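Here is target-v9.cif, consisting of mmCIF, C-alpha atoms:
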```cif
data_final
loop_
_atom_site.group_PDB
_atom_site.id
_atom_site.type_symbol
_atom_site.label_atom_id
_atom_site.label_comp_id
_atom_site.auth_asym_id
_atom_site.auth_seq_id
_atom_site.Cartn_x
_atom_site.Cartn_y
_atom_site.Cartn_z
ATOM 1 C CA MET L 1 5.633 17.415 -5.103
ATOM 2 C CA PRO L 2 5.741 14.294 -7.262
ATOM 3 C CA PRO L 3 5.884 14.752 -11.060
ATOM 4 C CA LYS L 4 2.731 15.785 -12.883
ATOM 5 C CA PRO L 5 0.424 12.829 -13.563
ATOM 6 C CA THR L 6 0.009 11.653 -17.154
ATOM 7 C CA ASP L 7 -3.690 12.562 -17.330
ATOM 8 C CA LEU L 8 -2.918 16.129 -16.322
ATOM 9 C CA LEU L 9 -0.078 16.448 -18.822
ATOM 10 C CA ARG L 10 -2.288 15.109 -21.626
ATOM 11 C CA LEU L 11 -5.085 17.593 -20.978
ATOM 12 C CA GLU L 12 -2.692 20.500 -20.610
ATOM 13 C CA ALA L 13 -1.074 19.600 -23.932
ATOM 14 C CA SER L 14 -4.411 19.411 -25.752
ATOM 15 C CA CYS L 15 -5.984 22.659 -24.552
ATOM 16 C CA ARG L 16 -6.011 26.111 -26.051
ATOM 17 C CA ARG L 17 -5.115 28.794 -23.536
ATOM 18 C CA LEU L 18 -6.785 32.170 -23.247
ATOM 19 C CA THR L 19 -6.129 35.097 -20.947
ATOM 20 C CA THR L 20 -8.596 37.812 -20.063
ATOM 21 C CA ARG L 21 -7.634 40.949 -18.191
ATOM 22 C CA HIS L 22 -9.207 42.924 -15.360
ATOM 23 C CA GLY L 23 -7.051 45.977 -14.826
ATOM 24 C CA ASP L 24 -3.499 44.800 -14.382
ATOM 25 C CA ASP L 25 -4.595 41.284 -13.435
ATOM 26 C CA GLN L 26 -5.058 38.261 -15.658
ATOM 27 C CA THR L 27 -7.549 35.400 -15.564
ATOM 28 C CA ALA L 28 -6.518 32.081 -17.109
ATOM 29 C CA TRP L 29 -8.868 30.008 -19.270
ATOM 30 C CA ARG L 30 -8.324 26.632 -20.911
ATOM 31 C CA VAL L 31 -10.393 25.550 -23.879
ATOM 32 C CA TRP L 32 -11.163 22.157 -25.416
ATOM 33 C CA GLY L 33 -13.498 20.838 -28.070
ATOM 34 C CA SER L 34 -15.997 22.422 -30.430
ATOM 35 C CA GLY L 35 -19.691 23.152 -30.287
ATOM 36 C CA PRO L 36 -21.800 25.384 -28.029
ATOM 37 C CA PRO L 37 -19.697 27.013 -25.305
ATOM 38 C CA LEU L 38 -19.847 25.630 -21.769
ATOM 39 C CA ILE L 39 -18.247 27.463 -18.833
ATOM 40 C CA LEU L 40 -16.867 25.309 -16.005
ATOM 41 C CA LEU L 41 -16.401 26.883 -12.557
ATOM 42 C CA HIS L 42 -14.250 24.999 -10.055
ATOM 43 C CA GLY L 43 -14.616 24.607 -6.309
ATOM 44 C CA GLY L 44 -12.971 26.514 -3.491
ATOM 45 C CA PHE L 45 -9.207 26.261 -3.107
ATOM 46 C CA GLY L 46 -9.281 24.656 -6.542
ATOM 47 C CA SER L 47 -8.649 25.208 -10.228
ATOM 48 C CA TRP L 48 -9.864 23.945 -13.591
ATOM 49 C CA THR L 49 -8.507 20.526 -12.599
ATOM 50 C CA HIS L 50 -11.569 19.873 -10.444
ATOM 51 C CA TRP L 51 -13.129 18.935 -13.813
ATOM 52 C CA ILE L 52 -10.234 16.811 -15.020
ATOM 53 C CA ARG L 53 -12.344 13.649 -15.376
ATOM 54 C CA ASN L 54 -15.152 15.417 -17.207
ATOM 55 C CA ILE L 55 -13.544 17.708 -19.752
ATOM 56 C CA GLU L 56 -12.885 15.192 -22.514
ATOM 57 C CA ALA L 57 -16.403 13.755 -22.376
ATOM 58 C CA LEU L 58 -17.985 17.215 -22.382
ATOM 59 C CA ALA L 59 -15.681 18.487 -25.132
ATOM 60 C CA ALA L 60 -17.008 15.858 -27.548
ATOM 61 C CA ALA L 61 -20.065 18.040 -28.226
ATOM 62 C CA ASN L 62 -19.239 21.357 -26.519
ATOM 63 C CA THR L 63 -16.513 23.952 -26.484
ATOM 64 C CA VAL L 64 -15.419 23.689 -22.878
ATOM 65 C CA TYR L 65 -14.059 26.836 -21.243
ATOM 66 C CA ALA L 66 -12.545 25.915 -17.874
ATOM 67 C CA VAL L 67 -11.532 29.016 -15.961
ATOM 68 C CA ASP L 68 -9.187 29.454 -13.040
ATOM 69 C CA MET L 69 -11.271 31.985 -11.157
ATOM 70 C CA PRO L 70 -9.438 35.105 -9.963
ATOM 71 C CA ALA L 71 -7.185 34.263 -6.972
ATOM 72 C CA PHE L 72 -7.038 30.554 -7.887
ATOM 73 C CA GLY L 73 -4.756 28.400 -10.008
ATOM 74 C CA ASP L 74 -2.934 30.370 -12.700
ATOM 75 C CA SER L 75 -5.072 33.502 -12.279
ATOM 76 C CA ASP L 76 -3.990 36.638 -10.467
ATOM 77 C CA ARG L 77 -5.494 37.780 -7.205
ATOM 78 C CA PRO L 78 -7.262 41.124 -7.576
ATOM 79 C CA GLU L 79 -6.479 43.783 -5.029
ATOM 80 C CA GLY L 80 -9.009 44.636 -2.365
ATOM 81 C CA THR L 81 -11.841 42.673 -0.816
ATOM 82 C CA ILE L 82 -13.045 39.697 -2.814
ATOM 83 C CA THR L 83 -16.698 38.746 -2.567
ATOM 84 C CA SER L 84 -18.803 36.293 -4.529
ATOM 85 C CA ILE L 85 -20.465 39.086 -6.466
ATOM 86 C CA ARG L 86 -17.088 40.573 -7.365
ATOM 87 C CA LEU L 87 -15.886 37.201 -8.636
ATOM 88 C CA ALA L 88 -19.114 36.848 -10.618
ATOM 89 C CA ASP L 89 -18.581 40.256 -12.183
ATOM 90 C CA LEU L 90 -14.971 39.450 -13.099
ATOM 91 C CA ILE L 91 -15.976 36.197 -14.768
ATOM 92 C CA TRP L 92 -18.738 37.951 -16.711
ATOM 93 C CA LYS L 93 -16.133 40.465 -17.888
ATOM 94 C CA GLY L 94 -13.986 37.563 -19.052
ATOM 95 C CA ILE L 95 -16.951 36.086 -20.931
ATOM 96 C CA ASP L 96 -17.622 39.510 -22.490
ATOM 97 C CA SER L 97 -14.004 39.681 -23.609
ATOM 98 C CA ILE L 98 -14.115 36.223 -25.195
ATOM 99 C CA PHE L 99 -17.620 36.163 -26.683
ATOM 100 C CA GLY L 100 -18.923 39.730 -26.601
ATOM 101 C CA PRO L 101 -21.220 41.506 -24.123
ATOM 102 C CA GLU L 102 -24.435 40.103 -25.605
ATOM 103 C CA ALA L 103 -23.437 36.448 -25.439
ATOM 104 C CA ASN L 104 -25.419 34.023 -23.308
ATOM 105 C CA ALA L 105 -23.751 31.347 -21.200
ATOM 106 C CA ARG L 106 -24.250 27.762 -20.107
ATOM 107 C CA ILE L 107 -22.496 27.295 -16.781
ATOM 108 C CA ALA L 108 -21.654 24.296 -14.619
ATOM 109 C CA GLY L 109 -20.387 25.189 -11.147
ATOM 110 C CA PHE L 110 -18.889 22.756 -8.660
ATOM 111 C CA SER L 111 -19.221 23.459 -4.932
ATOM 112 C CA PHE L 112 -17.967 27.033 -4.417
ATOM 113 C CA GLY L 113 -18.198 27.441 -8.179
ATOM 114 C CA GLY L 114 -21.921 26.843 -7.824
ATOM 115 C CA VAL L 115 -22.130 29.822 -5.457
ATOM 116 C CA ILE L 116 -20.343 31.976 -8.032
ATOM 117 C CA GLY L 117 -22.586 30.641 -10.793
ATOM 118 C CA ILE L 118 -25.652 31.615 -8.769
ATOM 119 C CA GLN L 119 -24.239 35.111 -8.305
ATOM 120 C CA MET L 120 -23.536 35.336 -12.033
ATOM 121 C CA ALA L 121 -27.145 34.408 -12.700
ATOM 122 C CA SER L 122 -28.388 36.955 -10.178
ATOM 123 C CA VAL L 123 -26.620 39.877 -11.858
ATOM 124 C CA GLN L 124 -27.304 38.878 -15.487
ATOM 125 C CA PRO L 125 -30.180 36.376 -15.459
ATOM 126 C CA ASN L 126 -31.197 37.004 -19.068
ATOM 127 C CA ARG L 127 -27.814 35.730 -20.235
ATOM 128 C CA ILE L 128 -28.087 32.318 -18.539
ATOM 129 C CA ASP L 129 -29.155 29.528 -20.896
ATOM 130 C CA ASN L 130 -28.552 26.872 -18.238
ATOM 131 C CA LEU L 131 -26.962 26.769 -14.804
ATOM 132 C CA ILE L 132 -25.975 23.334 -13.524
ATOM 133 C CA LEU L 133 -24.965 23.092 -9.876
ATOM 134 C CA VAL L 134 -22.709 20.170 -8.958
ATOM 135 C CA GLY L 135 -22.386 19.588 -5.217
ATOM 136 C CA ALA L 136 -22.867 23.323 -4.740
ATOM 137 C CA GLY L 137 -22.495 24.864 -1.290
ATOM 138 C CA GLY L 138 -23.621 28.078 0.342
ATOM 139 C CA TYR L 139 -27.145 27.122 1.482
ATOM 140 C CA GLY L 140 -26.620 27.749 5.164
ATOM 141 C CA ILE L 141 -25.490 24.152 5.629
ATOM 142 C CA SER L 142 -22.744 23.715 8.195
ATOM 143 C CA ARG L 143 -19.999 21.175 7.818
ATOM 144 C CA PRO L 144 -20.919 18.142 9.939
ATOM 145 C CA GLN L 145 -19.261 18.090 13.331
ATOM 146 C CA ASN L 146 -17.934 14.572 12.781
ATOM 147 C CA VAL L 147 -15.828 15.667 9.787
ATOM 148 C CA ASN L 148 -12.364 16.331 11.164
ATOM 149 C CA LEU L 149 -9.801 17.810 8.795
ATOM 150 C CA GLU L 150 -6.093 17.858 9.473
ATOM 151 C CA LYS L 151 -3.793 20.848 9.128
ATOM 152 C CA TRP L 152 -0.829 20.453 6.780
ATOM 153 C CA ARG L 153 0.795 23.809 6.036
ATOM 154 C CA HIS L 154 3.164 23.581 8.997
ATOM 155 C CA LEU L 155 4.693 20.334 7.724
ATOM 156 C CA THR L 156 7.925 20.287 5.736
ATOM 157 C CA ASP L 157 7.948 16.620 4.728
ATOM 158 C CA PRO L 158 6.195 16.317 1.332
ATOM 159 C CA ALA L 159 5.178 12.719 2.036
ATOM 160 C CA GLU L 160 3.479 13.729 5.283
ATOM 161 C CA ARG L 161 1.636 16.522 3.490
ATOM 162 C CA LEU L 162 0.387 14.168 0.798
ATOM 163 C CA ALA L 163 -0.766 11.661 3.413
ATOM 164 C CA ILE L 164 -2.843 14.358 5.113
ATOM 165 C CA HIS L 165 -4.320 15.486 1.805
ATOM 166 C CA ARG L 166 -5.396 11.896 1.180
ATOM 167 C CA ARG L 167 -7.026 11.634 4.614
ATOM 168 C CA ASN L 168 -8.801 14.976 4.185
ATOM 169 C CA LEU L 169 -10.136 13.869 0.825
ATOM 170 C CA ALA L 170 -11.503 10.753 2.508
ATOM 171 C CA ALA L 171 -13.049 12.771 5.326
ATOM 172 C CA LEU L 172 -14.981 15.260 3.205
ATOM 173 C CA MET L 173 -14.590 14.899 -0.533
ATOM 174 C CA PHE L 174 -15.040 11.187 -1.268
ATOM 175 C CA HIS L 175 -17.499 8.561 -0.095
ATOM 176 C CA ASP L 176 -15.333 5.591 -1.076
ATOM 177 C CA SER L 177 -11.743 6.109 0.029
ATOM 178 C CA GLU L 178 -10.626 3.361 -2.356
ATOM 179 C CA LYS L 179 -11.373 5.750 -5.214
ATOM 180 C CA ILE L 180 -8.874 8.331 -3.982
ATOM 181 C CA ASP L 181 -6.042 7.809 -6.449
ATOM 182 C CA ASP L 182 -2.671 9.499 -6.746
ATOM 183 C CA LEU L 183 -4.085 11.991 -9.254
ATOM 184 C CA ALA L 184 -6.718 13.211 -6.794
ATOM 185 C CA VAL L 185 -4.110 13.633 -4.073
ATOM 186 C CA TYR L 186 -1.766 15.489 -6.431
ATOM 187 C CA LEU L 187 -4.518 17.878 -7.509
ATOM 188 C CA GLN L 188 -5.596 18.498 -3.924
ATOM 189 C CA ALA L 189 -2.060 19.311 -2.870
ATOM 190 C CA GLU L 190 -1.357 21.514 -5.878
ATOM 191 C CA ASN L 191 -4.619 23.436 -5.802
ATOM 192 C CA THR L 192 -4.729 24.145 -2.086
ATOM 193 C CA SER L 193 -1.160 25.437 -2.082
ATOM 194 C CA ARG L 194 -1.879 27.965 -4.857
ATOM 195 C CA ALA L 195 -5.179 29.546 -3.830
ATOM 196 C CA THR L 196 -4.784 33.046 -2.405
ATOM 197 C CA ILE L 197 -8.193 33.667 -0.809
ATOM 198 C CA ASN L 198 -10.328 31.835 1.723
ATOM 199 C CA SER L 199 -13.285 30.797 -0.392
ATOM 200 C CA ARG L 200 -15.103 29.431 2.633
ATOM 201 C CA ALA L 201 -15.283 32.971 4.027
ATOM 202 C CA VAL L 202 -16.579 34.218 0.675
ATOM 203 C CA ALA L 203 -19.283 31.533 0.688
ATOM 204 C CA GLN L 204 -20.225 32.381 4.280
ATOM 205 C CA SER L 205 -20.884 35.969 3.282
ATOM 206 C CA THR L 206 -23.210 34.943 0.426
ATOM 207 C CA ASN L 207 -26.879 34.439 1.269
ATOM 208 C CA VAL L 208 -27.645 31.874 -1.416
ATOM 209 C CA PRO L 209 -31.276 31.167 -0.344
ATOM 210 C CA GLU L 210 -32.064 34.876 -0.522
ATOM 211 C CA ILE L 211 -30.570 35.103 -4.019
ATOM 212 C CA LEU L 212 -32.459 32.025 -5.179
ATOM 213 C CA ALA L 213 -35.727 33.457 -3.894
ATOM 214 C CA ASP L 214 -35.622 36.104 -6.619
ATOM 215 C CA LEU L 215 -33.850 34.113 -9.340
ATOM 216 C CA ARG L 216 -35.546 33.072 -12.573
ATOM 217 C CA VAL L 217 -33.141 31.021 -14.706
ATOM 218 C CA PRO L 218 -32.982 27.476 -16.068
ATOM 219 C CA ILE L 219 -31.248 25.537 -13.296
ATOM 220 C CA ASP L 220 -30.408 21.888 -12.625
ATOM 221 C CA GLY L 221 -28.457 20.096 -9.920
ATOM 222 C CA ILE L 222 -26.282 17.050 -9.399
ATOM 223 C CA TRP L 223 -25.273 15.904 -5.912
ATOM 224 C CA GLY L 224 -23.623 12.853 -4.449
ATOM 225 C CA ALA L 225 -25.996 10.902 -2.207
ATOM 226 C CA CYS L 226 -23.198 10.637 0.353
ATOM 227 C CA ASP L 227 -22.002 14.260 0.148
ATOM 228 C CA ALA L 228 -20.577 14.893 3.618
ATOM 229 C CA VAL L 229 -21.807 18.491 3.554
ATOM 230 C CA SER L 230 -25.245 18.154 1.976
ATOM 231 C CA ARG L 231 -26.536 14.599 2.296
ATOM 232 C CA GLU L 232 -28.925 15.367 5.166
ATOM 233 C CA ARG L 233 -30.360 18.370 3.328
ATOM 234 C CA LEU L 234 -30.878 17.071 -0.207
ATOM 235 C CA PRO L 235 -34.694 17.478 -0.034
ATOM 236 C CA VAL L 236 -34.233 21.133 0.959
ATOM 237 C CA LEU L 237 -31.813 21.704 -1.909
ATOM 238 C CA LYS L 238 -34.274 20.135 -4.333
ATOM 239 C CA GLU L 239 -36.957 22.509 -3.049
ATOM 240 C CA PHE L 240 -34.668 25.492 -3.593
ATOM 241 C CA LEU L 241 -33.996 24.542 -7.205
ATOM 242 C CA HIS L 242 -37.611 23.782 -8.001
ATOM 243 C CA GLY L 243 -38.504 27.174 -6.562
ATOM 244 C CA VAL L 244 -36.233 28.794 -9.138
ATOM 245 C CA ASP L 245 -37.221 26.540 -12.045
ATOM 246 C CA PRO L 246 -40.173 24.136 -11.651
ATOM 247 C CA SER L 247 -38.817 21.996 -14.509
ATOM 248 C CA SER L 248 -35.352 21.665 -12.986
ATOM 249 C CA GLU L 249 -33.712 18.260 -12.767
ATOM 250 C CA PHE L 250 -32.329 17.255 -9.371
ATOM 251 C CA ILE L 251 -30.043 14.260 -9.835
ATOM 252 C CA VAL L 252 -28.596 12.269 -6.939
ATOM 253 C CA ILE L 253 -25.653 9.968 -7.653
ATOM 254 C CA GLU L 254 -25.632 6.976 -5.335
ATOM 255 C CA ASN L 255 -22.457 5.944 -3.485
ATOM 256 C CA ALA L 256 -20.675 9.208 -4.269
ATOM 257 C CA GLY L 257 -19.476 12.061 -2.106
ATOM 258 C CA HIS L 258 -18.884 15.777 -2.465
ATOM 259 C CA TRP L 259 -16.420 15.672 -5.377
ATOM 260 C CA VAL L 260 -19.034 13.695 -7.230
ATOM 261 C CA GLN L 261 -17.839 14.483 -10.753
ATOM 262 C CA TYR L 262 -14.469 12.915 -9.930
ATOM 263 C CA GLU L 263 -15.569 9.974 -7.809
ATOM 264 C CA ALA L 264 -18.394 8.984 -10.172
ATOM 265 C CA ALA L 265 -17.081 10.585 -13.352
ATOM 266 C CA GLU L 266 -18.793 8.378 -15.931
ATOM 267 C CA LEU L 267 -22.215 8.697 -14.307
ATOM 268 C CA VAL L 268 -21.898 12.449 -13.881
ATOM 269 C CA ASN L 269 -20.611 12.884 -17.436
ATOM 270 C CA ASN L 270 -23.662 11.072 -18.770
ATOM 271 C CA GLU L 271 -25.976 13.235 -16.686
ATOM 272 C CA LEU L 272 -24.243 16.459 -17.692
ATOM 273 C CA ILE L 273 -24.394 15.559 -21.364
ATOM 274 C CA ALA L 274 -28.099 14.752 -21.041
ATOM 275 C CA LEU L 275 -28.846 18.024 -19.234
ATOM 276 C CA LEU L 276 -26.885 20.075 -21.739
ATOM 277 C CA GLY L 277 -28.610 18.387 -24.657
ATOM 278 C CA ALA L 278 -32.124 18.496 -23.225
ATOM 279 C CA GLU L 279 -34.709 20.551 -25.050
ATOM 280 C CA ARG L 280 -37.535 20.971 -22.573
ATOM 281 C CA THR L 281 -39.952 23.753 -21.886
ATOM 282 C CA ARG L 282 -38.938 25.964 -18.994
ATOM 283 C CA THR L 283 -41.632 27.533 -16.845
ATOM 284 C CA VAL L 284 -40.867 31.018 -15.551
ATOM 285 C CA ARG L 285 -42.173 31.131 -12.012
ATOM 286 C CA GLU L 286 -43.753 34.017 -10.171
ATOM 287 C CA ALA L 287 -41.698 35.558 -7.400
ATOM 288 C CA PRO L 288 -42.602 33.894 -4.071
ATOM 289 C CA ASP L 289 -43.525 35.759 -0.935
ATOM 290 C CA ALA L 290 -40.565 34.226 0.876
ATOM 291 C CA ALA L 291 -37.681 31.868 0.330
ATOM 292 C CA PRO L 292 -37.846 28.310 1.689
ATOM 293 C CA GLN L 293 -36.623 28.190 5.254
ATOM 294 C CA SER L 294 -32.999 27.229 5.735
ATOM 295 C CA PRO L 295 -30.607 26.913 8.647
ATOM 296 C CA ASP L 296 -28.566 29.819 9.900
ATOM 297 C CA HIS L 297 -26.194 31.164 7.227
ATOM 298 C CA SER L 298 -23.344 31.819 9.625
ATOM 299 C CA ASP L 299 -21.442 28.730 8.493
ATOM 300 C CA SER L 300 -22.354 28.401 4.817
ATOM 301 C CA THR L 301 -19.700 26.363 3.127
ATOM 302 C CA GLY L 302 -18.428 25.075 -0.170
ATOM 303 C CA LEU L 303 -15.389 23.062 -1.142
ATOM 304 C CA ALA L 304 -13.144 25.472 0.735
ATOM 305 C CA SER L 305 -14.158 23.851 4.016
ATOM 306 C CA SER L 306 -12.011 20.855 3.065
ATOM 307 C CA GLN L 307 -8.869 22.956 2.779
ATOM 308 C CA THR L 308 -8.372 24.139 6.367
ATOM 309 C CA ALA L 309 -4.684 24.552 7.034
#
```
Would you give me this structure, written as structure tokens?
Amino acid sequence: MPPKPTDLLRLEASCRRLTTRHGDDQTAWRVWGSGPPLILLHGGFGSWTHWIRNIEALAAANTVYAVDMPAFGDSDRPEGTITSIRLADLIWKGIDSIFGPEANARIAGFSFGGVIGIQMASVQPNRIDNLILVGAGGYGISRPQNVNLEKWRHLTDPAERLAIHRRNLAALMFHDSEKIDDLAVYLQAENTSRATINSRAVAQSTNVPEILADLRVPIDGIWGACDAVSRERLPVLKEFLHGVDPSSEFIVIENAGHWVQYEAAELVNNELIALLGAERTRTVREAPDAAPQSPDHSDSTGLASSQTA
């Protein structure tokens, strides 16, 4: 691996580190800023660094808590089967440890992190002040057949590995390949090599539309217009969110792909800040007779689908 990029070193040096425990295992948290707490959940095969271009902007008016979810980044992998609801429970336990068991949470979840955020809301809906989904997966949307990802784990040449990571980012994560810089490639290589579970399989086992059908929380969404996973289904996703919260905001960022908060960082930062600062009346909906129709859930996917090795 090349040396750590300057932006990564700067953020690591400026954070406060916390550790929460679940049994003998530890979950790593990094904290920046001051103000109302905001929990950031990363994507599959990722870490807190999925938010590297957003943390400083968000920390100007919030206390940002970026977690490495269990089995990712610096956090330990719990023993036994890991499901989305188990991850949600472990993160709630971490929040309880940091803030107390009565504390509410504002959560932003990227891709697979959006799936976990939805599960967190499903088990403790009264504690959710706002859930913001960013390019979230798990809606029964299959990865497009024309997205071909290359395997890299068998390679021993670091330069060849990095070249494949760059091509995979272009295939699934970015709309504009010119915006894939060395930092993005470094983070992709580092994160995918450290994850210890297959988050795509976890997302596949989570029936997100069924959960949303019974969910009553403040929820908003941000997607890239050119998201390789979701772009053909954005109207369906908007319908899902409005079914949960009729006053939800559904924001589409033009000329941006799946990793929208990296590729279009300034635009997404502005939208996140506006959503977090918005004071608008939320309408609690009545439970519907049925969830909106979605495709087969057998290949639900989040960010993990970009990490095939």
Select, from L:His22, L:His175, L:Lys4, L:Arg167, the residue with the minimum atom-to-atom distance to Val260 in chain L, counting only C-alpha atoms.
-> L:His175
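Using only C-alpha atoms for every distance, the candidate list L:Thr6, L:Asn255, L:Thr63, L:Thr206 yields L:Asn255 as the residue closest to Ala228 in chain L.
Of the listed residues (L:Glu263, L:Ser84, L:His42, L:Thr19), L:Glu263 comes nearest to Ser177 in chain L; the distances count all atoms listed in the file.
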Do you know which residues the PyMOL selection byres ((chain L and resi 248) around 8) returns on this file, as a ChimeraX atom specification?
-> /L:218-221,241-242,245-247,249-250
For the structure shown, which residues end up in the PyMOL selection byres ((chain L and resi 207) around 8)? Put them as an NGL selection string, please?
-> :L and (138-140 or 204-206 or 208-211 or 297)
